[in-house]
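A.B. asks: My questions will all concern the structure given below.
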Amino acid sequence: MNTRIAYLLSAAVIGLALYGSSTPSPLYATYRELWGFSQVVLTLVYAVYAFGVLASLLLAGRVSDIVGRRPVLLGSLGTLMAATVLFAAAQSLAWLFVARAIQGLATGLALGAAAAALLDLHPRRDPAGAGLANGVASASGMSLGVLVSAALIELLPAPRVLPFAVLFVLFALAFAGALLMPEPVAQPDRLRLTPQRPRVPAEVRRPFVAASLGVLSSWSIGGLFLALGPQLSATLFESSNHLVAGIPVFAVGACGALAQLVWGRLAPWIGASFGSVALAAGLALISISASTGSSALLIAGSAIGGAGFGVAFLGALRALSAAIPLDSRAAVMSAFYVVAYLAISVPAVLAGALVGPLGMEHTFELFGAALGAVALAAAFEAWRTRPRAAPEPALALE
């Protein structure tokens, strides 16, 4: 396998990992009806995946810097295949918790190794190009996971099995590709699995803070929608159709991927600034849609917020990728994803706990306002840290 194909494979692994994370979302309502658990438990089922990602990043964030990208990708993809089997065979709520936890642990390893491999394998060693591939793969994977899963559930038999059978085949193909890919790490060492606190080299800390604000605001909307978006959509559209319920999540991811392709070459600080402002505007429209019952505003808010999510995330990721030292790629990208998965899990759990006492309308109003404020803070920080033109030298007086 040549380097270019290995690069595309690394991007595909990122997309597949996010595809797999959103595949169960259209089935959550079915699981609730079957096994009778509450909205709070539903968001915990969703969040245990994110906590699994965090655990693997904290325990083994640097492991691909040590043993190499290829062994970590093989191990994580094999484990993701096992998790899909658990989902397909699930007979109770406990099965879901176990499957999501295993999926999260494996995804954390896959994301850290694949993101580092993108930087290693880019044909021109271009961090901006690697960041664009990462961002498009992430947003596309999240949206396609919901869309394909919802279509299989709605249109074909065996709705609790078929989406995971398709996912298993996709992971198996990626596993076969990883067997053939070259190893980007020059001198792999033996495995040393020790817990580590997130660590970012001093020279990367300022871009890391700016990137963290961007991913905090952008991934929070993804977490909120993966956990509660189908329920909000079903309520506003007055439909039990799984494809209809998945529209907002698909719109967020698809518009995010499209916006990255269209505006992916903007200066990182411009993308982070204007993307975050668009994200705040989209969140405002989504909150208004929940309070007025307007499905049109929900679609508009999802599209605008999704475009903002994509551009803000990409701007933050590109700025960070360009600043990472060669020997710290997996460690810094793992720390970045720690922030991302805290953003995608904690708001979702809090929203699930509050939707019962507050109702859907007030929950989205509260979180829309809070996440919109974070998005505006990210926009301000990106603008404040923009590159300044060097002052022209003064002319000497004769």
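All residue names refer to the structure tokens as shown: chains lettered A, B, ... in order, residues numbered from 1 in each chain, ligands numbered from 1 in order.
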Any idea what's packed within 9 Å of segment 41-50 of chain A, counting only C-alpha atoms, ignoring anything in its chain fewer than 5 positions away? Could you give it as number ranges by chain?
C.D. replies: A: 21, 24-25, 28-29, 31-32, 55, 93, 96-105, 107-108, 223, 226-228, 341-342, 344-346, 348-353
A.B. asks: Suppose we keep N, CA and C atoms; can you now write the selection as a compact mmCIF listing (two decimals), in the first residue's frame?
C.D. replies:
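The file below, out.txt, is the result:
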# COMPACT_ATOMS: atom_id res chain seq x y z
N SER A 21 -20.21 5.74 16.17
CA SER A 21 -20.70 6.36 17.41
C SER A 21 -22.14 6.84 17.27
N PRO A 24 -26.14 3.96 16.75
CA PRO A 24 -27.24 3.57 17.64
C PRO A 24 -28.28 4.65 17.88
N SER A 25 -28.00 5.92 17.55
CA SER A 25 -28.89 7.02 17.94
C SER A 25 -30.33 6.85 17.48
N TYR A 28 -32.49 4.57 19.85
CA TYR A 28 -32.67 4.81 21.28
C TYR A 28 -34.14 4.77 21.70
N ALA A 29 -35.03 5.34 20.87
CA ALA A 29 -36.46 5.31 21.21
C ALA A 29 -36.97 3.87 21.24
N TYR A 31 -35.17 1.17 21.94
CA TYR A 31 -34.63 0.56 23.16
C TYR A 31 -35.45 0.99 24.40
N ARG A 32 -35.85 2.26 24.45
CA ARG A 32 -36.65 2.74 25.59
C ARG A 32 -37.98 2.01 25.67
N ALA A 55 -11.40 7.63 28.80
CA ALA A 55 -10.56 6.69 29.55
C ALA A 55 -9.40 6.20 28.69
N LEU A 93 -30.78 -3.55 28.78
CA LEU A 93 -30.07 -2.28 28.95
C LEU A 93 -28.60 -2.50 29.29
N LEU A 96 -26.39 -2.71 26.33
CA LEU A 96 -26.10 -1.42 25.70
C LEU A 96 -24.96 -0.71 26.41
N PHE A 97 -24.99 -0.71 27.74
CA PHE A 97 -23.92 -0.05 28.49
C PHE A 97 -22.56 -0.68 28.18
N VAL A 98 -22.52 -2.00 28.15
CA VAL A 98 -21.25 -2.68 27.88
C VAL A 98 -20.77 -2.39 26.46
N ALA A 99 -21.69 -2.49 25.50
CA ALA A 99 -21.31 -2.25 24.10
C ALA A 99 -20.82 -0.83 23.89
N ARG A 100 -21.52 0.15 24.50
CA ARG A 100 -21.11 1.55 24.34
C ARG A 100 -19.77 1.81 25.01
N ALA A 101 -19.54 1.21 26.17
CA ALA A 101 -18.26 1.42 26.85
C ALA A 101 -17.10 0.87 26.03
N ILE A 102 -17.27 -0.35 25.49
CA ILE A 102 -16.21 -0.95 24.67
C ILE A 102 -16.01 -0.13 23.39
N GLN A 103 -17.12 0.31 22.79
CA GLN A 103 -17.02 1.15 21.60
C GLN A 103 -16.25 2.43 21.90
N GLY A 104 -16.51 3.04 23.05
CA GLY A 104 -15.81 4.27 23.41
C GLY A 104 -14.32 4.06 23.61
N LEU A 105 -13.96 3.01 24.33
CA LEU A 105 -12.53 2.72 24.56
C LEU A 105 -11.80 2.52 23.24
N THR A 107 -12.75 3.55 20.22
CA THR A 107 -12.78 4.76 19.41
C THR A 107 -11.71 5.75 19.85
N GLY A 108 -11.50 5.87 21.15
CA GLY A 108 -10.46 6.77 21.63
C GLY A 108 -9.10 6.41 21.07
N GLY A 223 -23.16 16.62 20.65
CA GLY A 223 -23.60 15.77 21.75
C GLY A 223 -25.06 15.98 22.09
N LEU A 226 -27.16 14.38 19.24
CA LEU A 226 -27.14 12.92 19.20
C LEU A 226 -27.98 12.34 20.33
N ALA A 227 -28.02 13.03 21.48
CA ALA A 227 -28.78 12.52 22.61
C ALA A 227 -30.25 12.88 22.54
N LEU A 228 -30.58 14.15 22.19
CA LEU A 228 -31.96 14.62 22.27
C LEU A 228 -32.54 15.08 20.94
N TYR A 341 -14.48 15.23 23.77
CA TYR A 341 -15.43 14.25 24.30
C TYR A 341 -16.00 14.66 25.65
N LEU A 342 -15.33 15.52 26.38
CA LEU A 342 -15.99 16.15 27.51
C LEU A 342 -17.11 17.05 27.01
N ILE A 344 -18.79 16.73 24.22
CA ILE A 344 -19.88 16.00 23.57
C ILE A 344 -20.68 15.16 24.58
N SER A 345 -20.13 14.95 25.78
CA SER A 345 -20.81 14.07 26.75
C SER A 345 -21.45 14.82 27.90
N VAL A 346 -20.73 15.73 28.54
CA VAL A 346 -21.26 16.38 29.75
C VAL A 346 -22.54 17.17 29.46
N ALA A 348 -24.71 16.65 27.15
CA ALA A 348 -25.77 15.69 26.83
C ALA A 348 -26.35 15.06 28.09
N VAL A 349 -25.48 14.69 29.04
CA VAL A 349 -25.95 14.09 30.29
C VAL A 349 -26.77 15.10 31.10
N LEU A 350 -26.26 16.34 31.20
CA LEU A 350 -26.99 17.37 31.94
C LEU A 350 -28.34 17.66 31.30
N ALA A 351 -28.37 17.72 29.96
CA ALA A 351 -29.64 17.97 29.27
C ALA A 351 -30.62 16.84 29.51
N GLY A 352 -30.13 15.59 29.47
CA GLY A 352 -31.00 14.45 29.74
C GLY A 352 -31.58 14.47 31.14
N ALA A 353 -30.79 14.95 32.12
CA ALA A 353 -31.27 15.04 33.49
C ALA A 353 -32.30 16.16 33.66
A.B. asks: With a distance cut-off of 6 Å and only C-alpha atoms, select the neighbouring residues of segment 138-155 of chain A, excluding the residue or stretch itself and same-chain residues fewer than 2 positions from it, and output the selection as an MDAnalysis selection string.
C.D. replies: chainID A and resid 15:16 18:19 22:23 26 135:136 159 163 242:243 250 253:254 256:257
A.B. asks: Per DSSP on the backbone, what are the helix (DSSP H, G or I) residues of segment 121-171 of chain A, as a PyMOL selection string?
C.D. replies: chain A and resi 121+127-155+162-171
A.B. asks: For Ser212 of chain A, work out the shell of residues within 8 Å, counting only C-alpha atoms and skipping chain neighbours fewer than 5 positions away, then give it as a tab-separated table (two decimals) with N, CA and C atoms, in the first residue's frame.
C.D. replies:
chain	number	residue	atom	x	y	z
A	316	ALA	N	-10.11	25.61	14.34
A	316	ALA	CA	-9.39	25.28	15.57
A	316	ALA	C	-8.40	24.14	15.34
A	336	PHE	N	-6.54	16.95	22.76
A	336	PHE	CA	-7.58	17.68	22.03
A	336	PHE	C	-8.90	16.91	22.06
A	339	VAL	N	-10.81	17.07	25.40
A	339	VAL	CA	-11.69	18.24	25.47
A	339	VAL	C	-12.95	18.00	24.62
A	340	ALA	N	-12.76	17.45	23.42
A	340	ALA	CA	-13.89	17.23	22.53
A	340	ALA	C	-14.93	16.30	23.15
A.B. asks: What separation in Å, quoted to one decimal, exists between atom CA of Phe380 of chain A and atom CA of Val262 of chain A?
C.D. replies: 22.8 Å
A.B. asks: Rank nothing, just name the residue among A:Gly20, A:Gly315, A:Gly222, A:Gly68 nearest to Val185 of chain A, using only C-alpha atoms.
C.D. replies: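 Smallest distance to Val185 of chain A is found for A:Gly68.
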A.B. asks: Near Leu77 of chain A, within 12 Å and counting only C-alpha atoms, which residues show up once chain neighbours fewer than 3 positions away are dropped, as a count of residues only?
C.D. replies: 42
A.B. asks: Of the candidates A:Gly75, A:Gly271, A:Gly282, A:Pro347, which one gets nearest to Leu216 of chain A if we count only C-alpha atoms?
C.D. replies: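 Looking only at the distances to Leu216 of chain A, the closest residue turns out to be A:Pro347.
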A.B. asks: Using only C-alpha atoms, which protein or nucleic acid residues come within 10 Å of Val209 of chain A? Drop anything in the same chain fewer than 2 positions from it, and give the result as an MDAnalysis selection string.
C.D. replies: chainID A and resid 204:207 211:215 316 320 336 378 381:382
A.B. asks: Limited to all heavy atoms, could you put the picked residues into a file as a compact mmCIF listing (two decimals), in the first residue's frame?
C.D. replies:
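Now in result30.txt:
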# COMPACT_ATOMS: atom_id res chain seq x y z
N VAL A 204 2.75 24.87 22.51
CA VAL A 204 1.46 24.60 21.86
C VAL A 204 0.29 25.09 22.71
O VAL A 204 -0.85 25.04 22.28
CB VAL A 204 1.32 23.08 21.58
CG1 VAL A 204 0.12 22.77 20.71
CG2 VAL A 204 2.57 22.54 20.91
N ARG A 205 0.56 25.57 23.91
CA ARG A 205 -0.55 25.82 24.85
C ARG A 205 -1.50 26.91 24.38
O ARG A 205 -2.72 26.79 24.52
CB ARG A 205 0.02 26.15 26.23
CG ARG A 205 0.50 24.89 26.94
CD ARG A 205 1.20 25.18 28.24
NE ARG A 205 1.85 23.95 28.71
CZ ARG A 205 2.78 23.92 29.64
NH1 ARG A 205 3.18 25.06 30.21
NH2 ARG A 205 3.33 22.78 30.00
N ARG A 206 -0.98 27.99 23.82
CA ARG A 206 -1.88 29.06 23.38
C ARG A 206 -2.79 28.60 22.25
O ARG A 206 -4.02 28.78 22.32
CB ARG A 206 -1.08 30.29 22.99
CG ARG A 206 -1.97 31.51 22.73
CD ARG A 206 -1.16 32.78 22.66
NE ARG A 206 -2.03 33.93 22.51
CZ ARG A 206 -1.60 35.18 22.47
NH1 ARG A 206 -0.31 35.44 22.60
NH2 ARG A 206 -2.45 36.18 22.31
N PRO A 207 -2.24 28.00 21.16
CA PRO A 207 -3.17 27.48 20.15
C PRO A 207 -4.06 26.37 20.67
O PRO A 207 -5.20 26.20 20.20
CB PRO A 207 -2.24 26.98 19.03
CG PRO A 207 -0.89 26.90 19.61
CD PRO A 207 -0.85 27.90 20.72
N ALA A 211 -8.03 26.31 20.32
CA ALA A 211 -8.66 25.15 19.70
C ALA A 211 -9.67 24.50 20.65
O ALA A 211 -10.72 24.02 20.22
CB ALA A 211 -7.60 24.14 19.29
N SER A 212 -9.36 24.48 21.93
CA SER A 212 -10.26 23.87 22.91
C SER A 212 -11.58 24.63 23.00
O SER A 212 -12.65 24.02 23.11
CB SER A 212 -9.58 23.83 24.28
OG SER A 212 -8.46 22.98 24.25
N LEU A 213 -11.53 25.96 22.96
CA LEU A 213 -12.76 26.74 22.98
C LEU A 213 -13.60 26.44 21.73
O LEU A 213 -14.82 26.30 21.81
CB LEU A 213 -12.46 28.23 23.04
CG LEU A 213 -12.10 28.80 24.42
CD1 LEU A 213 -11.65 30.25 24.29
CD2 LEU A 213 -13.31 28.71 25.36
N GLY A 214 -12.92 26.31 20.59
CA GLY A 214 -13.64 26.00 19.36
C GLY A 214 -14.30 24.64 19.40
O GLY A 214 -15.47 24.49 19.03
N VAL A 215 -13.57 23.64 19.86
CA VAL A 215 -14.15 22.30 19.89
C VAL A 215 -15.18 22.17 21.00
O VAL A 215 -16.16 21.42 20.88
CB VAL A 215 -13.04 21.22 20.05
CG1 VAL A 215 -12.52 21.14 21.47
CG2 VAL A 215 -13.54 19.85 19.60
N ALA A 316 -10.11 25.61 14.34
CA ALA A 316 -9.39 25.28 15.57
C ALA A 316 -8.40 24.14 15.34
O ALA A 316 -7.25 24.19 15.80
CB ALA A 316 -10.40 24.89 16.66
N LEU A 320 -4.19 24.26 15.53
CA LEU A 320 -3.48 23.38 16.46
C LEU A 320 -2.52 22.45 15.73
O LEU A 320 -1.37 22.26 16.14
CB LEU A 320 -4.48 22.57 17.28
CG LEU A 320 -3.90 21.60 18.31
CD1 LEU A 320 -3.09 22.34 19.35
CD2 LEU A 320 -5.01 20.78 18.96
N PHE A 336 -6.54 16.95 22.76
CA PHE A 336 -7.58 17.68 22.03
C PHE A 336 -8.90 16.91 22.06
O PHE A 336 -9.96 17.48 22.30
CB PHE A 336 -7.10 17.90 20.60
CG PHE A 336 -8.09 18.61 19.71
CD1 PHE A 336 -8.32 19.97 19.84
CD2 PHE A 336 -8.77 17.92 18.72
CE1 PHE A 336 -9.21 20.63 19.01
CE2 PHE A 336 -9.66 18.57 17.88
CZ PHE A 336 -9.87 19.93 18.03
N ALA A 378 -15.35 31.71 21.98
CA ALA A 378 -14.39 31.11 21.06
C ALA A 378 -14.11 32.04 19.89
O ALA A 378 -12.96 32.18 19.44
CB ALA A 378 -14.92 29.77 20.55
N GLU A 381 -11.82 34.83 21.13
CA GLU A 381 -10.45 34.37 21.36
C GLU A 381 -9.72 34.16 20.04
O GLU A 381 -8.53 34.50 19.91
CB GLU A 381 -10.47 33.08 22.17
CG GLU A 381 -9.10 32.47 22.43
CD GLU A 381 -8.20 33.34 23.30
OE1 GLU A 381 -8.71 34.27 23.96
OE2 GLU A 381 -6.98 33.09 23.30
N ALA A 382 -10.41 33.58 19.05
CA ALA A 382 -9.78 33.38 17.75
C ALA A 382 -9.43 34.72 17.10
O ALA A 382 -8.36 34.88 16.51
CB ALA A 382 -10.71 32.57 16.83
